[in-house]
Amino acid sequence: MVSEIFFSTYYPIRFNRKNRMVYVYQSGGTVLSVPWDELKFVLHPTKGRLSTQWTIVGCLTGDDGDTVTECIPLPINLESDPDVLTMYWEFIRCYMEEGDEYLPDLADSIAWCPPVEKQKEGWLFGLFYLSKQWFGRLGLLVNALQLPVFFVISFPRWLVMLTCKIPEWPAEVVAACQPAENDPVNKGAEHNPPQVWRPMLGLQGKERYARTFAKERGAMDRVVARLKAKYDGQNHAD
């Protein structure tokens with residue numbers, strides 16, 4: 001964490017389905033621009049002492065088709081079955097490769113967005129983010145046990161954030177990625193539900209949780225149904 005002092009608050013990646021380009025914000029403010037069709041995405045394991053951590057990496061190869069010249073790790077990693085990453089990958093692949101009819105459901109599958117695009121992460125949100133969980137009310141017990149650790153980590157995380165700069169895309173990237181006025185996937189923190197910390201921590205009431213779950217589950221089920229009808233169960237991961 002200390003090694004991130006004076007760098008960027010985060011390192012965004014932009015996927016542009018219109019011009020089929022991927023823009024990667026890198027350390028120092030440089031931007032890597034790569035055609036989507038030239039990237040090969042693979043599951044990458046990192047073996048630790050007690051477990052194996054999985055992530056998805058986009059690889060750009062040289063003229064020989066084998067030598068990897070650039071690696072783009074996507075912002076997700078899991079210490080569990082790599083098949084869990086399939087849903088994350090399919091969201092990106094569907095956005096870049098499938099028809100416009102998928103877009104509204106892809107947007108509805110996004111519960112909330114971290115408010116970091118135009119501002120620095122505050123201490124309290126950082127603590128909430130460290131404590132976020134996806135495992136229903138059972139996850140509350142796990143998080144409660146880890147809360148003292150999260151509390152201690154939240155302060156150096158916040159101090160590092162104060163030293164970092166908010167990333168700014170070059171004007172040409174902003175122009176190329178300007179969303180249409182009616183773009184259904186133009187979604188950011190400004191569209192978050194009220195009291196966003198409730199879904200982050202799994203502290204929603206039963207009715208609100210049921211509505212949120214039904215919306216996300218319904219959107220995901222419709223996407224899966226379309227994919228099955230179109231590809232008959234084929235695997236789309238490279």
# chains A, B, ... in the order shown; residues from 1 in each chain; ligands from 1

$ closest_atom_pairs --of "segment 28-121 of chain A" --to "segment 213-218 of chain A" --cutoff "8 Å" --atoms "only C-alpha atoms" --output "CSV"
residue,atom,partner,partner_atom,distance
A:Asp108,CA,A:Glu216,CA,5.9
A:Ser109,CA,A:Glu216,CA,4.6
A:Ile110,CA,A:Glu216,CA,7.4
A:Ala111,CA,A:Glu216,CA,7.4

$ residues_around --residues "Ser8 of chain A" --least-positions-apart "4" --cutoff "7 Å" --atoms "only C-alpha atoms" --output "compact mmCIF listing (two decimals) with all heavy atoms, in the first residue's frame"
# COMPACT_ATOMS: atom_id res chain seq x y z
N CYS A 164 -2.41 10.84 -3.73
CA CYS A 164 -2.53 10.44 -5.13
C CYS A 164 -3.38 11.43 -5.93
O CYS A 164 -4.16 12.20 -5.38
CB CYS A 164 -3.16 9.04 -5.21
SG CYS A 164 -2.11 7.73 -4.55
N LYS A 165 -3.22 11.36 -7.25
CA LYS A 165 -3.97 12.20 -8.15
C LYS A 165 -5.10 11.42 -8.82
O LYS A 165 -4.96 10.22 -9.08
CB LYS A 165 -3.05 12.77 -9.25
CG LYS A 165 -1.98 13.72 -8.73
CD LYS A 165 -1.15 14.26 -9.89
CE LYS A 165 -0.09 15.24 -9.40
NZ LYS A 165 0.73 15.78 -10.53
N ILE A 166 -6.20 12.11 -9.08
CA ILE A 166 -7.30 11.49 -9.81
C ILE A 166 -6.88 11.38 -11.28
O ILE A 166 -6.44 12.36 -11.88
CB ILE A 166 -8.57 12.34 -9.68
CG1 ILE A 166 -8.98 12.46 -8.22
CG2 ILE A 166 -9.71 11.74 -10.51
CD1 ILE A 166 -10.12 13.41 -7.97
N PRO A 167 -6.98 10.21 -11.88
CA PRO A 167 -6.54 10.05 -13.28
C PRO A 167 -7.38 10.89 -14.24
O PRO A 167 -8.60 11.02 -14.07
CB PRO A 167 -6.73 8.56 -13.54
CG PRO A 167 -7.72 8.10 -12.52
CD PRO A 167 -7.50 8.95 -11.32

$ residues_around --residues "Asp37 of chain A" --least-positions-apart "6" --cutoff "10 Å" --atoms "only C-alpha atoms" --output "short mmCIF file (atom, residue, chain, number, x, y, z; two decimals) with N, CA and C atoms, in the first residue's frame"
data_model
loop_
_atom_site.label_atom_id
_atom_site.label_comp_id
_atom_site.auth_asym_id
_atom_site.auth_seq_id
_atom_site.Cartn_x
_atom_site.Cartn_y
_atom_site.Cartn_z
N ARG A 20 -14.31 -0.37 -31.02
CA ARG A 20 -13.68 -1.65 -30.67
C ARG A 20 -12.23 -1.46 -30.20
N MET A 21 -12.07 -0.47 -29.31
CA MET A 21 -10.77 -0.20 -28.73
C MET A 21 -10.84 -0.36 -27.21
N VAL A 22 -9.68 -0.67 -26.64
CA VAL A 22 -9.53 -0.75 -25.18
C VAL A 22 -8.47 0.27 -24.78
N LEU A 60 -1.48 -8.95 -25.23
CA LEU A 60 -1.20 -8.48 -26.59
C LEU A 60 0.07 -9.17 -27.04
N MET A 96 -18.84 -5.84 -25.48
CA MET A 96 -18.00 -5.55 -26.63
C MET A 96 -18.44 -6.29 -27.89
N GLU A 97 -19.09 -7.45 -27.76
CA GLU A 97 -19.30 -8.29 -28.93
C GLU A 97 -20.75 -8.58 -29.28
#

$ residues_around --residues "Gly28 of chain A" --least-positions-apart "3" --cutoff "12 Å" --atoms "only C-alpha atoms" --output "JSON, numbers by chain"
{"A": [4, 6, 7, 8, 9, 10, 11, 24, 25, 31, 32, 164, 165, 166, 167, 168, 169]}

$ write_last_selection --atoms "C-alpha atoms" --output "PDB file, in the first residue's frame"
ATOM      1  CA  GLU A   4       1.243   3.531  -4.123  1.00  0.00           C
ATOM      2  CA  PHE A   6       1.990   9.849  -5.079  1.00  0.00           C
ATOM      3  CA  PHE A   7       0.603   7.773  -7.942  1.00  0.00           C
ATOM      4  CA  SER A   8      -3.033   7.593  -9.124  1.00  0.00           C
ATOM      5  CA  THR A   9      -6.095   6.989  -6.985  1.00  0.00           C
ATOM      6  CA  TYR A  10      -7.042   4.153  -9.346  1.00  0.00           C
ATOM      7  CA  TYR A  11      -6.178   2.885 -12.834  1.00  0.00           C
ATOM      8  CA  VAL A  24      -5.738   1.375 -20.325  1.00  0.00           C
ATOM      9  CA  TYR A  25      -4.637   4.139 -17.953  1.00  0.00           C
ATOM     10  CA  VAL A  31      -2.510   5.492 -21.936  1.00  0.00           C
ATOM     11  CA  LEU A  32      -2.200   2.190 -23.770  1.00  0.00           C
ATOM     12  CA  CYS A 164      -2.534  10.437  -5.131  1.00  0.00           C
ATOM     13  CA  LYS A 165      -3.974  12.202  -8.152  1.00  0.00           C
ATOM     14  CA  ILE A 166      -7.299  11.492  -9.810  1.00  0.00           C
ATOM     15  CA  PRO A 167      -6.538  10.053 -13.280  1.00  0.00           C
ATOM     16  CA  GLU A 168      -7.418  12.261 -16.251  1.00  0.00           C
ATOM     17  CA  TRP A 169      -7.933  10.789 -19.704  1.00  0.00           C
TER      18      TRP A 169
END

$ residues_around --residues "Val160 of chain A" --least-positions-apart "3" --cutoff "7 Å" --atoms "only C-alpha atoms" --output "list in words"
Val2, Glu4, Ile5, Pro156, Arg157, Thr163 and Cys164 of chain A
